[in-house]
file run_2.cif (mmCIF, C-alpha atoms; chains and numbers go by the auth columns)
data_start
loop_
_atom_site.group_PDB
_atom_site.id
_atom_site.type_symbol
_atom_site.label_atom_id
_atom_site.label_comp_id
_atom_site.label_asym_id
_atom_site.label_seq_id
_atom_site.Cartn_x
_atom_site.Cartn_y
_atom_site.Cartn_z
_atom_site.B_iso_or_equiv
_atom_site.auth_seq_id
_atom_site.auth_asym_id
ATOM 1 C CA MET A 1 -19.137 10.729 -3.413 0.00 23 A
ATOM 2 C CA ARG A 2 -22.754 9.669 -4.051 0.00 24 A
ATOM 3 C CA VAL A 3 -22.676 10.719 -7.696 0.00 25 A
ATOM 4 C CA ALA A 4 -19.898 9.632 -10.038 0.00 26 A
ATOM 5 C CA PRO A 5 -17.917 12.515 -11.551 0.00 27 A
ATOM 6 C CA PRO A 6 -18.392 13.297 -15.255 0.00 28 A
ATOM 7 C CA GLY A 7 -16.883 10.568 -17.408 0.00 29 A
ATOM 8 C CA TYR A 8 -17.306 7.892 -14.706 0.00 30 A
ATOM 9 C CA THR A 9 -19.943 5.213 -14.108 0.00 31 A
ATOM 10 C CA ARG A 10 -21.206 4.137 -10.693 0.00 32 A
ATOM 11 C CA TYR A 11 -22.809 0.757 -10.072 0.00 33 A
ATOM 12 C CA TRP A 12 -23.571 -1.567 -7.201 0.00 34 A
ATOM 13 C CA ARG A 13 -23.135 -5.235 -6.385 0.00 35 A
ATOM 14 C CA PRO A 14 -24.162 -6.937 -3.118 0.00 36 A
ATOM 15 C CA GLY A 15 -22.134 -5.216 -0.408 0.00 37 A
ATOM 16 C CA THR A 16 -19.993 -3.388 -2.979 0.00 38 A
ATOM 17 C CA THR A 17 -19.951 0.020 -4.651 0.00 39 A
ATOM 18 C CA VAL A 18 -17.872 0.491 -7.810 0.00 40 A
ATOM 19 C CA VAL A 19 -16.960 3.662 -9.693 0.00 41 A
ATOM 20 C CA ALA A 20 -15.064 3.338 -12.976 0.00 42 A
ATOM 21 C CA ARG A 21 -14.166 5.511 -15.926 0.00 43 A
ATOM 22 C CA ASP A 22 -16.827 5.102 -18.604 0.00 44 A
ATOM 23 C CA ASP A 23 -14.551 3.525 -21.211 0.00 45 A
ATOM 24 C CA ILE A 24 -13.349 0.767 -18.864 0.00 46 A
ATOM 25 C CA ALA A 25 -16.466 0.221 -16.736 0.00 47 A
ATOM 26 C CA ASP A 26 -17.308 -3.077 -18.443 0.00 48 A
ATOM 27 C CA ALA A 27 -13.704 -4.279 -18.101 0.00 49 A
ATOM 28 C CA VAL A 28 -13.734 -3.505 -14.370 0.00 50 A
ATOM 29 C CA ARG A 29 -17.070 -5.303 -14.031 0.00 51 A
ATOM 30 C CA ASP A 30 -15.556 -8.368 -15.717 0.00 52 A
ATOM 31 C CA ALA A 31 -12.472 -8.230 -13.483 0.00 53 A
ATOM 32 C CA MET A 32 -14.637 -8.318 -10.361 0.00 54 A
ATOM 33 C CA GLU A 33 -16.854 -11.212 -11.387 0.00 55 A
ATOM 34 C CA ARG A 34 -15.175 -13.592 -8.919 0.00 56 A
ATOM 35 C CA GLY A 35 -14.303 -11.269 -6.070 0.00 57 A
ATOM 36 C CA SER A 36 -12.661 -7.955 -5.302 0.00 58 A
ATOM 37 C CA LEU A 37 -10.626 -5.813 -7.635 0.00 59 A
ATOM 38 C CA TYR A 38 -7.582 -6.482 -5.443 0.00 60 A
ATOM 39 C CA GLU A 39 -8.091 -10.262 -5.595 0.00 61 A
ATOM 40 C CA TRP A 40 -8.381 -10.076 -9.375 0.00 62 A
ATOM 41 C CA ALA A 41 -5.086 -8.194 -9.679 0.00 63 A
ATOM 42 C CA ALA A 42 -3.286 -10.458 -7.183 0.00 64 A
ATOM 43 C CA GLY A 43 -4.323 -13.558 -9.121 0.00 65 A
ATOM 44 C CA HIS A 44 -3.745 -12.276 -12.636 0.00 66 A
ATOM 45 C CA PRO A 45 -1.216 -14.431 -14.560 0.00 67 A
ATOM 46 C CA GLU A 46 0.451 -11.292 -15.951 0.00 68 A
ATOM 47 C CA ARG A 47 0.546 -9.411 -12.671 0.00 69 A
ATOM 48 C CA ARG A 48 3.603 -7.436 -11.589 0.00 70 A
ATOM 49 C CA LEU A 49 4.216 -7.110 -7.858 0.00 71 A
ATOM 50 C CA LEU A 50 4.898 -3.645 -6.474 0.00 72 A
ATOM 51 C CA GLN A 51 5.754 -2.995 -2.849 0.00 73 A
ATOM 52 C CA GLY A 52 3.745 -0.553 -0.778 0.00 74 A
ATOM 53 C CA ARG A 53 2.104 -0.562 2.650 0.00 75 A
ATOM 54 C CA LEU A 54 0.467 -3.760 1.366 0.00 76 A
ATOM 55 C CA PRO A 55 1.497 -5.649 -1.771 0.00 77 A
ATOM 56 C CA THR A 56 0.279 -3.785 -4.859 0.00 78 A
ATOM 57 C CA TYR A 57 -0.252 -5.314 -8.294 0.00 79 A
ATOM 58 C CA ALA A 58 -0.100 -4.082 -11.885 0.00 80 A
ATOM 59 C CA ALA A 59 -2.070 -6.043 -14.477 0.00 81 A
ATOM 60 C CA PRO A 60 -3.938 -5.508 -17.766 0.00 82 A
ATOM 61 C CA LEU A 61 -7.703 -5.122 -17.528 0.00 83 A
ATOM 62 C CA PRO A 62 -9.953 -7.525 -19.440 0.00 84 A
ATOM 63 C CA ARG A 63 -11.333 -6.629 -22.878 0.00 85 A
ATOM 64 C CA SER A 64 -7.879 -5.430 -24.001 0.00 86 A
ATOM 65 C CA GLY A 65 -8.054 -2.703 -21.394 0.00 87 A
ATOM 66 C CA PRO A 66 -5.072 -0.687 -20.144 0.00 88 A
ATOM 67 C CA ARG A 67 -2.642 -1.852 -17.508 0.00 89 A
ATOM 68 C CA VAL A 68 -3.665 -0.624 -14.077 0.00 90 A
ATOM 69 C CA VAL A 69 -2.070 -0.622 -10.647 0.00 91 A
ATOM 70 C CA VAL A 70 -4.459 -1.882 -7.955 0.00 92 A
ATOM 71 C CA ARG A 71 -3.866 -0.935 -4.335 0.00 93 A
ATOM 72 C CA ARG A 72 -5.813 -1.956 -1.212 0.00 94 A
ATOM 73 C CA ASN A 73 -6.146 1.051 1.085 0.00 95 A
ATOM 74 C CA ALA A 74 -4.709 0.420 4.548 0.00 96 A
ATOM 75 C CA HIS A 75 -3.930 2.396 7.665 0.00 97 A
ATOM 76 C CA GLY A 76 -0.383 3.264 8.611 0.00 98 A
ATOM 77 C CA GLY A 77 1.180 4.162 11.933 0.00 99 A
ATOM 78 C CA ALA A 78 -0.629 3.365 15.170 0.00 100 A
ATOM 79 C CA LEU A 79 -3.848 2.357 13.401 0.00 101 A
ATOM 80 C CA ALA A 80 -2.177 -0.263 11.208 0.00 102 A
ATOM 81 C CA SER A 81 -2.377 -3.129 13.691 0.00 103 A
ATOM 82 C CA TRP A 82 -5.796 -2.135 15.046 0.00 104 A
ATOM 83 C CA ARG A 83 -7.779 -1.172 11.950 0.00 105 A
ATOM 84 C CA GLY A 84 -5.711 -2.727 9.159 0.00 106 A
ATOM 85 C CA ASP A 85 -7.553 -2.146 5.870 0.00 107 A
ATOM 86 C CA ARG A 86 -10.910 -1.225 7.445 0.00 108 A
ATOM 87 C CA PHE A 87 -12.123 2.379 7.324 0.00 109 A
ATOM 88 C CA LEU A 88 -15.161 4.183 8.652 0.00 110 A
ATOM 89 C CA PHE A 89 -14.835 6.592 5.747 0.00 111 A
ATOM 90 C CA PRO A 90 -12.872 5.045 2.861 0.00 112 A
ATOM 91 C CA ARG A 91 -10.437 7.378 1.123 0.00 113 A
ATOM 92 C CA ALA A 92 -11.078 6.066 -2.382 0.00 114 A
ATOM 93 C CA PRO A 93 -13.772 8.604 -3.410 0.00 115 A
ATOM 94 C CA PHE A 94 -11.605 11.475 -2.234 0.00 116 A
ATOM 95 C CA GLU A 95 -8.574 10.041 -4.035 0.00 117 A
ATOM 96 C CA LEU A 96 -10.488 9.981 -7.306 0.00 118 A
ATOM 97 C CA ALA A 97 -11.676 13.558 -6.799 0.00 119 A
ATOM 98 C CA MET A 98 -8.169 14.761 -5.949 0.00 120 A
ATOM 99 C CA SER A 99 -6.681 12.908 -8.911 0.00 121 A
ATOM 100 C CA LEU A 100 -9.051 14.769 -11.228 0.00 122 A
ATOM 101 C CA VAL A 101 -8.196 18.111 -9.612 0.00 123 A
ATOM 102 C CA LEU A 102 -4.441 17.539 -9.838 0.00 124 A
ATOM 103 C CA THR A 103 -4.703 16.531 -13.482 0.00 125 A
ATOM 104 C CA GLU A 104 -6.635 19.730 -14.170 0.00 126 A
ATOM 105 C CA LEU A 105 -3.904 21.721 -12.397 0.00 127 A
ATOM 106 C CA GLY A 106 -1.172 20.068 -14.433 0.00 128 A
ATOM 107 C CA VAL A 107 0.391 18.234 -11.479 0.00 129 A
ATOM 108 C CA PRO A 108 1.892 14.923 -12.687 0.00 130 A
ATOM 109 C CA THR A 109 0.164 11.995 -10.977 0.00 131 A
ATOM 110 C CA ALA A 110 -1.223 8.530 -11.675 0.00 132 A
ATOM 111 C CA GLU A 111 -4.778 8.821 -13.011 0.00 133 A
ATOM 112 C CA VAL A 112 -7.378 7.109 -10.829 0.00 134 A
ATOM 113 C CA VAL A 113 -9.615 5.166 -13.218 0.00 135 A
ATOM 114 C CA ALA A 114 -11.659 3.048 -10.792 0.00 136 A
ATOM 115 C CA TYR A 115 -12.306 2.220 -7.174 0.00 137 A
ATOM 116 C CA ALA A 116 -14.383 -0.336 -5.307 0.00 138 A
ATOM 117 C CA MET A 117 -15.666 -0.213 -1.727 0.00 139 A
ATOM 118 C CA TYR A 118 -16.738 -3.348 0.165 0.00 140 A
ATOM 119 C CA ARG A 119 -18.751 -3.759 3.352 0.00 141 A
ATOM 120 C CA ALA A 120 -16.450 -5.206 6.040 0.00 142 A
ATOM 121 C CA ASN A 121 -19.025 -5.007 8.850 0.00 143 A
ATOM 122 C CA LEU A 122 -21.960 -2.795 9.845 0.00 144 A
ATOM 123 C CA ILE A 123 -19.913 0.415 9.957 0.00 145 A
ATOM 124 C CA GLU A 124 -16.560 -0.226 8.271 0.00 146 A
ATOM 125 C CA ARG A 125 -15.544 -0.581 4.649 0.00 147 A
ATOM 126 C CA ARG A 126 -12.561 -1.846 2.669 0.00 148 A
ATOM 127 C CA SER A 127 -11.572 -0.184 -0.578 0.00 149 A
ATOM 128 C CA ASP A 128 -9.389 -0.768 -3.636 0.00 150 A
ATOM 129 C CA VAL A 129 -8.108 1.914 -5.991 0.00 151 A
ATOM 130 C CA ALA A 130 -6.989 1.354 -9.592 0.00 152 A
ATOM 131 C CA THR A 131 -4.711 3.862 -11.315 0.00 153 A
ATOM 132 C CA LEU A 132 -3.280 3.815 -14.808 0.00 154 A
ATOM 133 C CA GLU A 133 0.198 2.310 -14.773 0.00 155 A
ATOM 134 C CA LEU A 134 2.754 5.071 -15.294 0.00 156 A
ATOM 135 C CA PRO A 135 5.543 4.807 -17.894 0.00 157 A
ATOM 136 C CA PRO A 136 8.729 2.936 -16.905 0.00 158 A
ATOM 137 C CA GLY A 137 10.553 4.295 -13.890 0.00 159 A
ATOM 138 C CA LEU A 138 11.082 3.814 -10.166 0.00 160 A
ATOM 139 C CA ASP A 139 10.162 5.504 -6.939 0.00 161 A
ATOM 140 C CA LEU A 140 12.565 7.845 -5.194 0.00 162 A
ATOM 141 C CA GLY A 141 13.316 5.311 -2.475 0.00 163 A
ATOM 142 C CA ALA A 142 14.445 2.716 -5.008 0.00 164 A
ATOM 143 C CA ALA A 143 16.434 5.350 -6.904 0.00 165 A
ATOM 144 C CA LEU A 144 18.398 6.212 -3.778 0.00 166 A
ATOM 145 C CA LEU A 145 19.464 2.586 -3.362 0.00 167 A
ATOM 146 C CA GLU A 146 20.416 2.088 -6.998 0.00 168 A
ATOM 147 C CA PRO A 147 23.997 2.806 -8.134 0.00 169 A
ATOM 148 C CA ALA A 148 23.746 5.533 -10.763 0.00 170 A
ATOM 149 C CA PRO A 149 26.153 7.954 -12.465 0.00 171 A
ATOM 150 C CA ALA A 150 26.413 11.409 -10.934 0.00 172 A
ATOM 151 C CA ASP A 151 24.647 13.066 -13.863 0.00 173 A
ATOM 152 C CA ARG A 152 21.694 10.662 -13.578 0.00 174 A
ATOM 153 C CA ARG A 153 21.376 11.296 -9.848 0.00 175 A
ATOM 154 C CA ALA A 154 21.520 15.047 -10.448 0.00 176 A
ATOM 155 C CA ALA A 155 18.805 14.804 -13.095 0.00 177 A
ATOM 156 C CA ARG A 156 16.601 12.852 -10.678 0.00 178 A
ATOM 157 C CA TRP A 157 16.986 15.485 -7.969 0.00 179 A
ATOM 158 C CA ASN A 158 16.159 18.193 -10.489 0.00 180 A
ATOM 159 C CA ALA A 159 12.953 16.323 -11.331 0.00 181 A
ATOM 160 C CA VAL A 160 12.040 16.076 -7.652 0.00 182 A
ATOM 161 C CA GLY A 161 12.669 19.800 -7.234 0.00 183 A
ATOM 162 C CA ALA A 162 10.481 20.583 -10.243 0.00 184 A
ATOM 163 C CA LEU A 163 7.652 18.489 -8.776 0.00 185 A
ATOM 164 C CA LEU A 164 7.892 20.286 -5.433 0.00 186 A
ATOM 165 C CA ARG A 165 7.767 23.650 -7.160 0.00 187 A
ATOM 166 C CA ARG A 166 4.690 22.615 -9.128 0.00 188 A
ATOM 167 C CA LEU A 167 2.949 21.468 -5.954 0.00 189 A
ATOM 168 C CA ALA A 168 3.732 24.806 -4.299 0.00 190 A
ATOM 169 C CA GLU A 169 2.619 26.864 -7.275 0.00 191 A
ATOM 170 C CA GLN A 170 -0.750 25.098 -7.307 0.00 192 A
ATOM 171 C CA GLY A 171 -1.169 25.020 -3.521 0.00 193 A
ATOM 172 C CA VAL A 172 -1.014 21.220 -3.139 0.00 194 A
ATOM 173 C CA TRP A 173 -0.046 20.015 0.334 0.00 195 A
ATOM 174 C CA HIS A 174 0.711 16.290 0.463 0.00 196 A
ATOM 175 C CA GLN A 175 0.523 15.211 4.090 0.00 197 A
ATOM 176 C CA ASP A 176 2.321 11.912 3.445 0.00 198 A
ATOM 177 C CA LEU A 177 5.015 13.046 1.018 0.00 199 A
ATOM 178 C CA ASN A 178 7.626 10.300 1.289 0.00 200 A
ATOM 179 C CA VAL A 179 10.202 8.545 -0.877 0.00 201 A
ATOM 180 C CA LYS A 180 7.676 5.896 -1.978 0.00 202 A
ATOM 181 C CA ASN A 181 5.119 8.491 -3.101 0.00 203 A
ATOM 182 C CA VAL A 182 7.491 10.261 -5.509 0.00 204 A
ATOM 183 C CA TYR A 183 7.752 8.335 -8.775 0.00 205 A
ATOM 184 C CA LEU A 184 10.502 9.038 -11.298 0.00 206 A
ATOM 185 C CA ILE A 185 9.519 8.421 -14.917 0.00 207 A
ATOM 186 C CA GLU A 186 12.582 7.482 -16.963 0.00 208 A
ATOM 187 C CA GLU A 187 12.007 6.842 -20.647 0.00 209 A
ATOM 188 C CA GLY A 188 15.040 6.329 -22.873 0.00 210 A
ATOM 189 C CA ASP A 189 17.357 9.311 -23.032 0.00 211 A
ATOM 190 C CA SER A 190 14.706 11.805 -21.916 0.00 212 A
ATOM 191 C CA PRO A 191 15.339 13.663 -18.616 0.00 213 A
ATOM 192 C CA PRO A 192 13.551 12.085 -15.642 0.00 214 A
ATOM 193 C CA ARG A 193 10.139 13.428 -14.702 0.00 215 A
ATOM 194 C CA ALA A 194 8.637 13.142 -11.219 0.00 216 A
ATOM 195 C CA ALA A 195 4.999 12.342 -10.413 0.00 217 A
ATOM 196 C CA ILE A 196 3.154 12.290 -7.100 0.00 218 A
ATOM 197 C CA LEU A 197 1.342 9.137 -5.887 0.00 219 A
ATOM 198 C CA ASP A 198 -1.247 8.214 -3.235 0.00 220 A
ATOM 199 C CA VAL A 199 -3.014 11.548 -3.491 0.00 221 A
ATOM 200 C CA ASP A 200 -5.703 10.681 -0.949 0.00 222 A
ATOM 201 C CA ARG A 201 -3.448 12.489 1.542 0.00 223 A
ATOM 202 C CA ALA A 202 -3.211 15.634 -0.608 0.00 224 A
ATOM 203 C CA ARG A 203 -5.090 18.839 0.182 0.00 225 A
ATOM 204 C CA LEU A 204 -5.484 22.190 -1.573 0.00 226 A
ATOM 205 C CA VAL A 205 -4.190 25.161 0.412 0.00 227 A
ATOM 206 C CA ASP A 206 -2.905 28.644 -0.355 0.00 228 A
ATOM 207 C CA PRO A 207 -0.073 28.403 -2.897 0.00 229 A
ATOM 208 C CA GLY A 208 3.363 29.788 -2.169 0.00 230 A
ATOM 209 C CA ARG A 209 6.387 29.411 0.030 0.00 231 A
ATOM 210 C CA GLY A 210 4.495 28.053 3.037 0.00 232 A
ATOM 211 C CA VAL A 211 3.254 24.909 1.301 0.00 233 A
ATOM 212 C CA ALA A 212 6.627 24.565 -0.438 0.00 234 A
ATOM 213 C CA GLN A 213 8.369 24.487 2.928 0.00 235 A
ATOM 214 C CA VAL A 214 6.029 21.957 4.572 0.00 236 A
ATOM 215 C CA ASN A 215 6.200 19.621 1.565 0.00 237 A
ATOM 216 C CA SER A 216 9.989 19.901 1.449 0.00 238 A
ATOM 217 C CA ALA A 217 10.312 19.314 5.204 0.00 239 A
ATOM 218 C CA ARG A 218 8.045 16.244 5.063 0.00 240 A
ATOM 219 C CA LEU A 219 10.040 14.721 2.216 0.00 241 A
ATOM 220 C CA ARG A 220 13.330 15.526 3.942 0.00 242 A
ATOM 221 C CA ARG A 221 12.179 13.621 7.054 0.00 243 A
ATOM 222 C CA SER A 222 11.333 10.629 4.896 0.00 244 A
ATOM 223 C CA LEU A 223 14.742 10.821 3.195 0.00 245 A
ATOM 224 C CA ARG A 224 16.510 10.795 6.551 0.00 246 A
ATOM 225 C CA LYS A 225 14.480 7.789 7.705 0.00 247 A
ATOM 226 C CA TRP A 226 15.314 6.003 4.449 0.00 248 A
ATOM 227 C CA GLU A 227 18.979 6.816 4.999 0.00 249 A
ATOM 228 C CA VAL A 228 18.949 5.253 8.467 0.00 250 A
ATOM 229 C CA ALA A 229 16.671 2.292 7.729 0.00 251 A
ATOM 230 C CA ARG A 230 17.956 1.292 4.297 0.00 252 A
ATOM 231 C CA GLY A 231 21.444 2.752 4.123 0.00 253 A
ATOM 232 C CA ALA A 232 20.655 5.198 1.323 0.00 254 A
ATOM 233 C CA LYS A 233 23.568 7.554 0.726 0.00 255 A
ATOM 234 C CA LEU A 234 22.584 11.210 0.584 0.00 256 A
ATOM 235 C CA ARG A 235 25.075 13.980 -0.100 0.00 257 A
ATOM 236 C CA PRO A 236 24.300 17.438 1.298 0.00 258 A
ATOM 237 C CA ASP A 237 24.578 18.996 -2.156 0.00 259 A
ATOM 238 C CA GLU A 238 21.970 16.576 -3.516 0.00 260 A
ATOM 239 C CA LEU A 239 19.376 17.995 -1.137 0.00 261 A
ATOM 240 C CA SER A 240 19.848 21.478 -2.582 0.00 262 A
ATOM 241 C CA ALA A 241 16.976 20.756 -5.008 0.00 263 A
ATOM 242 C CA LEU A 242 14.643 20.626 -2.017 0.00 264 A
ATOM 243 C CA ASP A 243 16.022 23.880 -0.624 0.00 265 A
ATOM 244 C CA VAL A 244 15.572 25.634 -3.949 0.00 266 A
ATOM 245 C CA ALA A 245 12.026 24.329 -4.278 0.00 267 A
ATOM 246 C CA ALA A 246 11.174 25.383 -0.729 0.00 268 A
ATOM 247 C CA ALA A 247 12.443 28.883 -1.466 0.00 269 A
ATOM 248 C CA LEU A 248 10.526 28.997 -4.761 0.00 270 A
ATOM 249 C CA SER A 249 13.603 30.541 -6.361 0.00 271 A
#

call {"tool": "encode", "arguments": {"input": "run_2.cif", "output": "structure tokens"}}
result
Amino acid sequence: MRVAPPGYTRYWRPGTTVVARDDIADAVRDAMERGSLYEWAAGHPERRLLQGRLPTYAAPLPRSGPRVVVRRNAHGGALASWRGDRFLFPRAPFELAMSLVLTELGVPTAEVVAYAMYRANLIERRSDVATLELPPGLDLGAALLEPAPADRRAARWNAVGALLRRLAEQGVWHQDLNVKNVYLIEEGDSPPRAAILDVDRARLVDPGRGVAQVNSARLRRSLRKWEVARGAKLRPDELSALDVAAALS
């Protein structure tokens, strides 16, 4: 993305390209005065540690800015040990573009408000992405490990099913739909709401049952892995929300 999207500012520092939402561009610039956006978040005295592929941090931006979650992009799978956090083509610009598209489509997600790309060597780059911190909640993986009343668990599954249906209706295929990328917003006595995270792996395809089925199957595989690796207890009837979403009924 050579030109920042409307409402965003693009600027350069030695070896670094930054894109930030207009209203927080100065705050992001201040945050990066002594290094990378990720280093700023990791060293912030009010940081909150979140677990992902790499440690992720939530912290308030300078100038009384909003709280953001800063993530360093990194490879998974076979490339993790070889390439680590170095990319030939960083995903951050695409993640911002997809975040804007999903918001326009009404798909709940964390708004990307800034990213920074850094020269790692002649051909590779590292990148950080900052999203607005979502309201209180937990990811689906954590929810599966947490003791909860039956009605709360049922409400969570209903929220997951509603998210899958919305993705299918808008033709959003998330190639890495897993238990850590589904976030459950739980505010007071309100029913849980589910949002999708890490949208750099999302693509727009034809809406309908086909994308519903592939999204549901990908999440089901992740649930089974979570069950084996972490001892999460899944009842067959609790997975019915995925079946209903996949059938678009």

call {"tool": "residues_around", "arguments": {"input": "run_2.cif", "residues": "Ala217 (chain A)", "least_positions_apart": "4", "cutoff": "9 Å", "atoms": "only C-alpha atoms", "output": "list in words"}}
result
Val129, Pro130, Thr131, Ala132, Ala181, Val182, Leu185, Asn203, Val204, Tyr205, Leu206 and Ile207 of chain A

call {"tool": "resolve_selection", "arguments": {"input": "run_2.cif", "expression": "the PyMOL selection byres ((chain A and resi 56-69) around 10)", "output": "ChimeraX atom specification"}}
result
/A:38,40,50-55,70-72,77-83,89-94,136-140,149-152

call {"tool": "write_last_selection", "arguments": {"input": "run_2.cif", "atoms": "C-alpha atoms", "output": "PDB file, keeping the file's coordinate frame"}}
result
ATOM      1  CA  THR A  38     -19.993  -3.388  -2.979  1.00  0.00           C
ATOM      2  CA  VAL A  40     -17.872   0.491  -7.810  1.00  0.00           C
ATOM      3  CA  VAL A  50     -13.734  -3.505 -14.370  1.00  0.00           C
ATOM      4  CA  ARG A  51     -17.070  -5.303 -14.031  1.00  0.00           C
ATOM      5  CA  ASP A  52     -15.556  -8.368 -15.717  1.00  0.00           C
ATOM      6  CA  ALA A  53     -12.472  -8.230 -13.483  1.00  0.00           C
ATOM      7  CA  MET A  54     -14.637  -8.318 -10.361  1.00  0.00           C
ATOM      8  CA  GLU A  55     -16.854 -11.212 -11.387  1.00  0.00           C
ATOM      9  CA  ARG A  70       3.603  -7.436 -11.589  1.00  0.00           C
ATOM     10  CA  LEU A  71       4.216  -7.110  -7.858  1.00  0.00           C
ATOM     11  CA  LEU A  72       4.898  -3.645  -6.474  1.00  0.00           C
ATOM     12  CA  PRO A  77       1.497  -5.649  -1.771  1.00  0.00           C
ATOM     13  CA  THR A  78       0.279  -3.785  -4.859  1.00  0.00           C
ATOM     14  CA  TYR A  79      -0.252  -5.314  -8.294  1.00  0.00           C
ATOM     15  CA  ALA A  80      -0.100  -4.082 -11.885  1.00  0.00           C
ATOM     16  CA  ALA A  81      -2.070  -6.043 -14.477  1.00  0.00           C
ATOM     17  CA  PRO A  82      -3.938  -5.508 -17.766  1.00  0.00           C
ATOM     18  CA  LEU A  83      -7.703  -5.122 -17.528  1.00  0.00           C
ATOM     19  CA  ARG A  89      -2.642  -1.852 -17.508  1.00  0.00           C
ATOM     20  CA  VAL A  90      -3.665  -0.624 -14.077  1.00  0.00           C
ATOM     21  CA  VAL A  91      -2.070  -0.622 -10.647  1.00  0.00           C
ATOM     22  CA  VAL A  92      -4.459  -1.882  -7.955  1.00  0.00           C
ATOM     23  CA  ARG A  93      -3.866  -0.935  -4.335  1.00  0.00           C
ATOM     24  CA  ARG A  94      -5.813  -1.956  -1.212  1.00  0.00           C
ATOM     25  CA  ALA A 136     -11.659   3.048 -10.792  1.00  0.00           C
ATOM     26  CA  TYR A 137     -12.306   2.220  -7.174  1.00  0.00           C
ATOM     27  CA  ALA A 138     -14.383  -0.336  -5.307  1.00  0.00           C
ATOM     28  CA  MET A 139     -15.666  -0.213  -1.727  1.00  0.00           C
ATOM     29  CA  TYR A 140     -16.738  -3.348   0.165  1.00  0.00           C
ATOM     30  CA  SER A 149     -11.572  -0.184  -0.578  1.00  0.00           C
ATOM     31  CA  ASP A 150      -9.389  -0.768  -3.636  1.00  0.00           C
ATOM     32  CA  VAL A 151      -8.108   1.914  -5.991  1.00  0.00           C
ATOM     33  CA  ALA A 152      -6.989   1.354  -9.592  1.00  0.00           C
TER      34      ALA A 152
END

call {"tool": "residues_around", "arguments": {"input": "run_2.cif", "residues": "Arg85 (chain A)", "least_positions_apart": "5", "cutoff": "9 Å", "atoms": "all atoms listed in the file", "output": "ChimeraX atom specification"}}
result
/A:46,48-49,52

call {"tool": "closest_atom_pairs", "arguments": {"input": "run_2.cif", "of": "region 101-213 of chain A", "to": "region 225-247 of chain A", "cutoff": "9 Å", "atoms": "all atoms listed in the file", "output": "tab-separated table"}}
result
residue	atom	partner	partner_atom	distance
A:Met120	CA	A:Arg225	CA	8.0
A:Gly163	CA	A:Leu245	CA	8.0
A:Leu186	CA	A:Ala234	CA	6.7
A:Arg187	CA	A:Ala234	CA	6.9
A:Leu189	CA	A:Ala234	CA	7.3
A:Ala190	CA	A:Ala234	CA	4.8
A:Glu191	CA	A:Pro229	CA	5.4
A:Gln192	CA	A:Pro229	CA	5.6
A:Gly193	CA	A:Pro229	CA	3.6
A:Val194	CA	A:Leu226	CA	4.8
A:Trp195	CA	A:Arg225	CA	5.2
A:His196	CA	A:Arg225	CA	6.3
A:Gln197	CA	A:Asn237	CA	7.6
A:Asp198	CA	A:Arg240	CA	7.4
A:Leu199	CA	A:Leu241	CA	5.4
A:Asn200	CA	A:Leu241	CA	5.1
A:Val201	CA	A:Ser244	CA	6.2

call {"tool": "axis_aligned_box", "arguments": {"input": "run_2.cif", "around": "region 55-66 of chain A", "padding_each_side": "4 Å", "output": "lines of an AutoDock Vina configuration file"}}
result
center_x = -10.1
center_y = -9.7
center_z = -9.0
size_x = 21.6
size_y = 15.8
size_z = 15.3

call {"tool": "residues_around", "arguments": {"input": "run_2.cif", "residues": "Phe116 (chain A)", "least_positions_apart": "3", "cutoff": "8 Å", "atoms": "all atoms listed in the file", "output": "count of residues only"}}
result
5

call {"tool": "atom_distance", "arguments": {"input": "run_2.cif", "atom1": "CA of Val266 (chain A)", "atom2": "CA of Leu162 (chain A)"}}
result
18.1 Å

call {"tool": "residues_around", "arguments": {"input": "run_2.cif", "residues": "region 108-110 of chain A", "least_positions_apart": "2", "cutoff": "8 Å", "atoms": "all atoms listed in the file", "output": "PyMOL selection string"}}
result
chain A and resi 96-97+105-106+112+142+145-148
